[in-house]
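This report refers to the structure that appears directly beneath it.
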Amino acid sequence: MAPPLPSADDRWPFAIRCAALWLVFATWSSCAGWLLSACGLLNRTGYAIAAIPLVVLCVLLWKATSRETPHFSRPISRLWRRNSTGWWLVALLSLVAGICFAPSNYDALSYRLPRILYWWQENRWHWLEHADHRMNYSGTGFEWQMLPLIIATGSDRFLFLLNWIPFLFLPSLSFFALTAFGVRRRIAARWMWILPLCYGFALQAASIGNDGLGGVLTLAAVAFCGIAIRNQSPLALVLAALAATALSNLKLSNLPLLLPIAYFWCLAAWHLKNDLLRWKIGMVAMPVAAVLVLSSFLPLAYFNQTHSGKWSGDPDDNDKLRITKVIPGLVGNFYNLATATLQPPLLPLSSDTKRKIVAPISGENSLSSYIKSGFPRFKAHVGGEIPIEESAGVGLAITLALVFSLASFLLPKPSRPFPWLPVLATGVAVFAYMSMLGSENTARLMLPYFPLIIAAALAAARAIPSSGFSHLACNWLPFLFLLPALILNPNRALLPMSTLANAPGISQNMRTRLTALHEAYDSRSEPLRPIRLDLPKAAMTIGFAGGPTESAYSLFKPFGNRKIVEAHTENIDSFEWLVAARTGIKERTGQSWDEWLASSPYQVANSYRITFTVLFGAQDWYLLKRKPTASPATQTP
């Protein structure tokens, strides 16, 4: 006999109920993506059919959790009202930025968005013959969420909601996750508003990056474990498992986090053992297990193993992300974390000044060369002018707030049991990441780890300072430090960089830098738009030969109307129209541009200077048309 539904005494807050619906959607999107691919129905019709069980599940879940919201003691309620202002302002500014600006996250535009469009045009997931191998082996969780939204709306302008809506759940999830970790309720009631103000979380709230989303899923997994224990709710236990599997499917770098999450889940399952035994295990466990597998990294790991020979999908480490020596790797990752953790809101230093700062640890036989011996991608740096979503971590203000909170450890208060096991599990997860993966974006990739790191630190705090200064330091300081990055964010600048560049008192070097950033980011969402506008409407199949990180994304627009085929050695001469870059031709054919063009069946219809990134500047691109004398094109996918 199944256990009864939650009683009237069980309390599911409104935000937690909404977060549960979001977890159902995230799980449904992965399951629907794989199942529709297997049926060749990865299209509008397939998703219309798949939406029926989604609606049914959401209605049933909402009814099952429709209980009164919890009440808190008056001091905690005051903390909620007093400390939430900064977070609400960030949420509002993020919404405005998301509405006003097209998606411009570099990784998403480089490979995450293009690959789902390649899948859509074939009505199924498939291994791509593409110069950017990340299109195949990277986690698919966020992509499966984006695809139905793109198909339903025919636009990418609503994709930021996939990050902004979960951002709204961060305070409530943070409170329940922190208390589940053993943090005092008053401390958790303050930090539930501080934690979302980490640079990385706030800057990705209106973005289509997937690192901040990993932090939300981490908190959701732990929070629902805590709710399962508090409410004796098997449903919350299932939701915690869904959050964990969705986290694993987001990025493989999140896998070590399954260890501390497993501790909380097993603890909750032990508390619910009597309720679980009353369920018909065979009837419930099998479908739940199937859903958990489909929504996890396991399907992708299988296909990676099948197509590349390694479950992680990159057997040759083409991106040089693996740590080859543990100690240099740890030192390099700690260095990257330190620079991101201490990053101020503004750092207007010239390139020469930054080089002078890092000069003592750079060069041959230096600390930098030692780190590079085990961390191939390491480069000494001091951070950018402002925090940006591609590299931001927690930031200086959150670090100061954490140090200030931990100072209360010295206060003479009664001791509490310290949660050694989850702290140890969190430490093992952090060590596993830092000893195996080496990227210049350590702080961003570790965003999902920071909530548990902060929770482990706060669990040691014995009291919460209550002076007016502590309120300013722990609440308004993170918001004030974050404000310049929100307003000047080059991806979504609420104060246009062109206006800032013309402001009096700006040096010529800074003016030049701001102008270059404005030009690059202004066209970042659609760098190939000039080529797309020159393509004839009758051209429905286009060959593409860009560089490894230069995607055909903007050529797909309007979505669903045109087919883009990646050019490679066997089919490069078979298109009626071909969009190509010099670097792309060199990579595919091994020939210089002039040599290849002279022997190809194409003629140049138009040429362009296009900038994908400020780092590499403008590159030569061409729109090529088959010569009238050439044999008819026979496209080969």
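We label chains A, B, ... in the order they appear in the structure tokens, count residues from 1 in each chain, and number ligands from 1 in the order shown.
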
DSSP helix (DSSP H, G or I) selection over stretch 258-405 of chain A, as a PyMOL selection string: chain A and resi 258-271+273-277+281-294+298-308+326-341+351-361+367-372+396-405

Sorted per-residue table, stretch 101-211 of chain A near stretch 561-574 of chain A, closest atoms and distance, 10 Å, only C-alpha atoms, as a tab-separated table:
residue	atom	partner	partner_atom	distance
A:Pro114	CA	A:Ile564	CA	9.8
A:Leu117	CA	A:Ile564	CA	8.9
A:Tyr118	CA	A:Ile564	CA	7.5
A:Trp120	CA	A:Lys563	CA	9.9
A:Gln121	CA	A:Lys563	CA	6.7
A:Glu122	CA	A:Lys563	CA	9.3
A:Leu128	CA	A:Glu566	CA	8.6
A:Glu129	CA	A:Glu566	CA	7.1
A:His130	CA	A:Glu566	CA	6.4
A:Ala131	CA	A:Glu566	CA	8.6

Spatial neighbours of A:Thr583, max dist 12 Å, only C-alpha atoms, sep filter under 4 positions, as a VMD selection string: chain A and resid 131 545 to 550 587 to 594 596 616 619 to 622

Kindly save the residues from that selection, with N, CA and C atoms included, as a PDB file, in the first residue's frame.
ATOM      1  N   ALA A 131      34.083  20.640 -36.610  1.00  0.00           N
ATOM      2  CA  ALA A 131      35.426  21.028 -36.177  1.00  0.00           C
ATOM      3  C   ALA A 131      35.485  21.242 -34.669  1.00  0.00           C
ATOM      4  N   ALA A 545      32.002  26.294 -43.482  1.00  0.00           N
ATOM      5  CA  ALA A 545      33.395  25.938 -43.208  1.00  0.00           C
ATOM      6  C   ALA A 545      34.035  27.038 -42.380  1.00  0.00           C
ATOM      7  N   GLY A 546      33.624  27.132 -41.112  1.00  0.00           N
ATOM      8  CA  GLY A 546      34.202  28.111 -40.205  1.00  0.00           C
ATOM      9  C   GLY A 546      35.316  27.495 -39.381  1.00  0.00           C
ATOM     10  N   GLY A 547      35.938  28.332 -38.539  1.00  0.00           N
ATOM     11  CA  GLY A 547      36.966  27.830 -37.642  1.00  0.00           C
ATOM     12  C   GLY A 547      36.372  26.992 -36.535  1.00  0.00           C
ATOM     13  N   PRO A 548      37.202  26.354 -35.697  1.00  0.00           N
ATOM     14  CA  PRO A 548      36.707  25.431 -34.665  1.00  0.00           C
ATOM     15  C   PRO A 548      35.715  26.052 -33.696  1.00  0.00           C
ATOM     16  N   THR A 549      35.899  27.318 -33.345  1.00  0.00           N
ATOM     17  CA  THR A 549      34.995  27.958 -32.380  1.00  0.00           C
ATOM     18  C   THR A 549      34.133  29.032 -33.034  1.00  0.00           C
ATOM     19  N   GLU A 550      34.055  29.025 -34.357  1.00  0.00           N
ATOM     20  CA  GLU A 550      33.247  29.992 -35.085  1.00  0.00           C
ATOM     21  C   GLU A 550      32.030  29.264 -35.643  1.00  0.00           C
ATOM     22  N   GLU A 587      41.829  24.343 -42.018  1.00  0.00           N
ATOM     23  CA  GLU A 587      41.629  23.217 -41.098  1.00  0.00           C
ATOM     24  C   GLU A 587      41.063  22.002 -41.821  1.00  0.00           C
ATOM     25  N   ARG A 588      40.164  22.219 -42.762  1.00  0.00           N
ATOM     26  CA  ARG A 588      39.484  21.107 -43.417  1.00  0.00           C
ATOM     27  C   ARG A 588      40.286  20.493 -44.565  1.00  0.00           C
ATOM     28  N   THR A 589      41.021  21.319 -45.284  1.00  0.00           N
ATOM     29  CA  THR A 589      41.694  20.820 -46.494  1.00  0.00           C
ATOM     30  C   THR A 589      43.205  20.739 -46.370  1.00  0.00           C
ATOM     31  N   GLY A 590      43.763  21.448 -45.399  1.00  0.00           N
ATOM     32  CA  GLY A 590      45.217  21.487 -45.280  1.00  0.00           C
ATOM     33  C   GLY A 590      45.872  22.414 -46.297  1.00  0.00           C
ATOM     34  N   GLN A 591      45.065  23.101 -47.112  1.00  0.00           N
ATOM     35  CA  GLN A 591      45.588  24.004 -48.121  1.00  0.00           C
ATOM     36  C   GLN A 591      45.382  25.456 -47.695  1.00  0.00           C
ATOM     37  N   SER A 592      46.212  26.334 -48.271  1.00  0.00           N
ATOM     38  CA  SER A 592      45.986  27.750 -48.038  1.00  0.00           C
ATOM     39  C   SER A 592      44.719  28.170 -48.782  1.00  0.00           C
ATOM     40  N   TRP A 593      44.185  29.313 -48.419  1.00  0.00           N
ATOM     41  CA  TRP A 593      42.956  29.796 -49.042  1.00  0.00           C
ATOM     42  C   TRP A 593      43.107  29.936 -50.553  1.00  0.00           C
ATOM     43  N   ASP A 594      44.178  30.570 -50.992  1.00  0.00           N
ATOM     44  CA  ASP A 594      44.370  30.816 -52.424  1.00  0.00           C
ATOM     45  C   ASP A 594      44.523  29.510 -53.195  1.00  0.00           C
ATOM     46  N   TRP A 596      43.362  26.509 -52.370  1.00  0.00           N
ATOM     47  CA  TRP A 596      42.094  25.785 -52.402  1.00  0.00           C
ATOM     48  C   TRP A 596      41.099  26.435 -53.356  1.00  0.00           C
ATOM     49  N   PHE A 616      40.782  37.691 -30.963  1.00  0.00           N
ATOM     50  CA  PHE A 616      41.308  37.357 -32.287  1.00  0.00           C
ATOM     51  C   PHE A 616      41.016  38.433 -33.335  1.00  0.00           C
ATOM     52  N   GLN A 619      38.244  38.696 -38.830  1.00  0.00           N
ATOM     53  CA  GLN A 619      38.768  37.650 -39.695  1.00  0.00           C
ATOM     54  C   GLN A 619      38.108  37.747 -41.067  1.00  0.00           C
ATOM     55  N   ASP A 620      38.786  37.177 -42.074  1.00  0.00           N
ATOM     56  CA  ASP A 620      38.253  37.179 -43.437  1.00  0.00           C
ATOM     57  C   ASP A 620      37.253  36.047 -43.631  1.00  0.00           C
ATOM     58  N   TRP A 621      36.042  36.396 -44.084  1.00  0.00           N
ATOM     59  CA  TRP A 621      34.988  35.434 -44.390  1.00  0.00           C
ATOM     60  C   TRP A 621      34.502  35.660 -45.816  1.00  0.00           C
ATOM     61  N   TYR A 622      33.945  34.583 -46.392  1.00  0.00           N
ATOM     62  CA  TYR A 622      33.524  34.661 -47.789  1.00  0.00           C
ATOM     63  C   TYR A 622      32.198  33.935 -47.984  1.00  0.00           C
TER      64      TYR A 622
END

Test item: residues at most 8 Å from A:Leu488, only C-alpha atoms, excluding those fewer than 6 positions along its chain, as a ChimeraX atom specification: /A:386,494-497

Write the residues of the selection above to a file with N, CA, C and O atoms, as a short mmCIF file (atom, residue, chain, number, x, y, z; two decimals), in the first residue's frame.
data_model
loop_
_atom_site.label_atom_id
_atom_site.label_comp_id
_atom_site.auth_asym_id
_atom_site.auth_seq_id
_atom_site.Cartn_x
_atom_site.Cartn_y
_atom_site.Cartn_z
N ILE A 386 36.06 44.36 -15.19
CA ILE A 386 34.89 44.09 -14.37
C ILE A 386 34.60 42.59 -14.43
O ILE A 386 35.07 41.91 -15.34
N LEU A 494 23.57 47.75 -19.56
CA LEU A 494 22.46 48.67 -19.33
C LEU A 494 22.91 50.12 -19.50
O LEU A 494 22.10 51.00 -19.77
N LEU A 495 24.21 50.38 -19.33
CA LEU A 495 24.81 51.66 -19.69
C LEU A 495 25.68 51.39 -20.91
O LEU A 495 26.73 50.77 -20.79
N PRO A 496 25.26 51.79 -22.10
CA PRO A 496 25.98 51.41 -23.33
C PRO A 496 27.45 51.78 -23.27
O PRO A 496 27.81 52.87 -22.81
N MET A 497 28.30 50.87 -23.75
CA MET A 497 29.74 51.11 -23.75
C MET A 497 30.12 52.26 -24.66
O MET A 497 31.10 52.96 -24.43
#

Closest atom pairs, residues of stretch 121-193 of chain A within 8 Å of stretch 216-234 of chain A, only C-alpha atoms, as a Markdown table:
| residue | atom | partner | partner_atom | distance |
| --- | --- | --- | --- | --- |
| A:Pro166 | CA | A:Val216 | CA | 6.9 |
| A:Phe167 | CA | A:Val216 | CA | 7.4 |
| A:Phe169 | CA | A:Val216 | CA | 7.9 |
| A:Leu170 | CA | A:Val216 | CA | 6.3 |
| A:Leu173 | CA | A:Ala223 | CA | 5.8 |
| A:Ser174 | CA | A:Leu219 | CA | 6.1 |
| A:Phe175 | CA | A:Ala223 | CA | 7.9 |
| A:Phe176 | CA | A:Ala223 | CA | 4.8 |
| A:Ala177 | CA | A:Ala223 | CA | 4.0 |
| A:Leu178 | CA | A:Ala223 | CA | 7.7 |
| A:Thr179 | CA | A:Gly226 | CA | 7.7 |
| A:Ala180 | CA | A:Gly226 | CA | 4.9 |
| A:Phe181 | CA | A:Val222 | CA | 7.9 |

Once you count only C-alpha atoms, what closest atom pair and distance in Å to one decimal does each residue of stretch 190-297 of chain A within 7 Å of stretch 11-26 of chain A have, with rows by chain and rising residue number, as CSV?
residue,atom,partner,partner_atom,distance
A:Leu239,CA,A:Ala20,CA,6.8
A:Leu242,CA,A:Leu23,CA,6.8
A:Ala243,CA,A:Leu23,CA,6.4
A:Ala246,CA,A:Ala26,CA,7.0

Export N, CA and C atoms of the chosen residues as an mmCIF file, in the first residue's frame?
data_model
loop_
_atom_site.group_PDB
_atom_site.id
_atom_site.type_symbol
_atom_site.label_atom_id
_atom_site.label_comp_id
_atom_site.auth_asym_id
_atom_site.auth_seq_id
_atom_site.Cartn_x
_atom_site.Cartn_y
_atom_site.Cartn_z
ATOM 1 N N LEU A 239 12.326 14.159 -5.835
ATOM 2 C CA LEU A 239 12.726 15.427 -6.435
ATOM 3 C C LEU A 239 14.203 15.713 -6.214
ATOM 4 N N LEU A 242 15.989 13.751 -8.795
ATOM 5 C CA LEU A 242 15.861 14.386 -10.110
ATOM 6 C C LEU A 242 16.827 15.556 -10.238
ATOM 7 N N ALA A 243 16.977 16.338 -9.163
ATOM 8 C CA ALA A 243 17.922 17.458 -9.202
ATOM 9 C C ALA A 243 19.349 16.967 -9.386
ATOM 10 N N ALA A 246 19.821 15.743 -13.015
ATOM 11 C CA ALA A 246 19.869 16.901 -13.915
ATOM 12 C C ALA A 246 21.200 17.626 -13.793
#

Secondary structure check, strand (DSSP E or B) residues of stretch 330-548 of chain A, as number ranges by chain: A: 437, 541-545

Using N, CA, C and O atoms, can you export the residues from the last selection as a PDB file, in the first residue's frame?
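Output file selection.pdb is given in full below:
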ATOM      1  N   LEU A 437      40.686  18.554 -13.395  1.00  0.00           N
ATOM      2  CA  LEU A 437      40.270  19.453 -14.468  1.00  0.00           C
ATOM      3  C   LEU A 437      40.973  20.794 -14.315  1.00  0.00           C
ATOM      4  O   LEU A 437      40.945  21.403 -13.243  1.00  0.00           O
ATOM      5  N   THR A 541      19.830  25.077 -48.530  1.00  0.00           N
ATOM      6  CA  THR A 541      20.895  24.249 -47.958  1.00  0.00           C
ATOM      7  C   THR A 541      22.216  24.973 -48.162  1.00  0.00           C
ATOM      8  O   THR A 541      22.588  25.279 -49.299  1.00  0.00           O
ATOM      9  N   ILE A 542      22.909  25.247 -47.062  1.00  0.00           N
ATOM     10  CA  ILE A 542      24.142  26.028 -47.103  1.00  0.00           C
ATOM     11  C   ILE A 542      25.260  25.214 -46.479  1.00  0.00           C
ATOM     12  O   ILE A 542      25.104  24.642 -45.393  1.00  0.00           O
ATOM     13  N   GLY A 543      26.400  25.150 -47.159  1.00  0.00           N
ATOM     14  CA  GLY A 543      27.583  24.549 -46.569  1.00  0.00           C
ATOM     15  C   GLY A 543      28.286  25.547 -45.667  1.00  0.00           C
ATOM     16  O   GLY A 543      28.226  26.762 -45.895  1.00  0.00           O
ATOM     17  N   PHE A 544      28.951  25.033 -44.645  1.00  0.00           N
ATOM     18  CA  PHE A 544      29.619  25.920 -43.679  1.00  0.00           C
ATOM     19  C   PHE A 544      31.015  25.404 -43.384  1.00  0.00           C
ATOM     20  O   PHE A 544      31.193  24.222 -43.060  1.00  0.00           O
ATOM     21  N   ALA A 545      32.002  26.294 -43.482  1.00  0.00           N
ATOM     22  CA  ALA A 545      33.395  25.938 -43.208  1.00  0.00           C
ATOM     23  C   ALA A 545      34.035  27.038 -42.380  1.00  0.00           C
ATOM     24  O   ALA A 545      34.856  27.821 -42.875  1.00  0.00           O
TER      25      ALA A 545
END

Closest of A:Leu482, A:Leu624, A:Ala97, A:Leu477 to A:Leu535 - atom-to-atom distances counting only C-alpha atoms: A:Leu624

Nearest to A:Ala38 by atom-to-atom distance, counting only C-alpha atoms, from A:Pro417, A:Ala64, A:His126, A:Leu92: A:His126

Point-to-point distance from atom CA of A:Met286 to atom CA of A:Trp119, Å rounded to tenths: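 Taking atom CA of A:Met286 as the start and atom CA of A:Trp119 as the end point, the length is 29.0 Å.
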
Contact residues around A:Asn210 with only C-alpha atoms at 9 Å, ignoring same-chain residues under 3 positions, as a list in words: Ala108, Phe142, Asn163, Gln204, Ser207, Leu213, Gly214, Leu250 and Lys251 of chain A

Next, the residues of the selection above should be written as a PDB file, in the first residue's frame with N, CA and C atoms.
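Done, and the output landed in again.pdb:
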ATOM      1  N   ALA A 108      27.655  29.216 -25.424  1.00  0.00           N
ATOM      2  CA  ALA A 108      26.355  28.830 -25.966  1.00  0.00           C
ATOM      3  C   ALA A 108      26.287  29.101 -27.461  1.00  0.00           C
ATOM      4  N   PHE A 142      21.127  21.309 -20.459  1.00  0.00           N
ATOM      5  CA  PHE A 142      20.593  22.637 -20.757  1.00  0.00           C
ATOM      6  C   PHE A 142      20.107  22.720 -22.197  1.00  0.00           C
ATOM      7  N   ASN A 163      17.276  30.514 -17.181  1.00  0.00           N
ATOM      8  CA  ASN A 163      18.158  30.846 -16.064  1.00  0.00           C
ATOM      9  C   ASN A 163      17.496  31.807 -15.085  1.00  0.00           C
ATOM     10  N   GLN A 204      24.719  35.410 -14.615  1.00  0.00           N
ATOM     11  CA  GLN A 204      24.132  34.418 -15.508  1.00  0.00           C
ATOM     12  C   GLN A 204      22.610  34.335 -15.377  1.00  0.00           C
ATOM     13  N   SER A 207      21.381  35.193 -18.648  1.00  0.00           N
ATOM     14  CA  SER A 207      22.277  34.637 -19.662  1.00  0.00           C
ATOM     15  C   SER A 207      21.759  33.289 -20.136  1.00  0.00           C
ATOM     16  N   LEU A 213      23.194  27.703 -13.249  1.00  0.00           N
ATOM     17  CA  LEU A 213      22.097  26.740 -13.157  1.00  0.00           C
ATOM     18  C   LEU A 213      22.537  25.494 -12.379  1.00  0.00           C
ATOM     19  N   GLY A 214      23.807  25.118 -12.535  1.00  0.00           N
ATOM     20  CA  GLY A 214      24.325  23.986 -11.768  1.00  0.00           C
ATOM     21  C   GLY A 214      24.285  24.257 -10.276  1.00  0.00           C
ATOM     22  N   LEU A 250      24.126  18.284 -16.817  1.00  0.00           N
ATOM     23  CA  LEU A 250      24.423  19.653 -17.215  1.00  0.00           C
ATOM     24  C   LEU A 250      25.865  19.774 -17.699  1.00  0.00           C
ATOM     25  N   LYS A 251      26.789  19.294 -16.880  1.00  0.00           N
ATOM     26  CA  LYS A 251      28.213  19.290 -17.215  1.00  0.00           C
ATOM     27  C   LYS A 251      28.874  18.135 -16.495  1.00  0.00           C
TER      28      LYS A 251
END

Shortest interatomic distance to A:Ser138 - which of A:Ala301, A:Val428, A:Leu272, A:Val423, counting only C-alpha atoms: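 Closest to A:Ser138, using only C-alpha atoms: A:Ala301.
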
Near-A:Ala152 list (12 Å; only C-alpha atoms; drop same-chain fewer than 2 positions) as a ChimeraX atom specification: /A:43-48,51,145-150,154-156,158-159,559-560

Proximity to A:Cys31 - best of A:Arg190, A:Leu292, A:Ala269, A:Ile388, only C-alpha atoms: A:Leu292
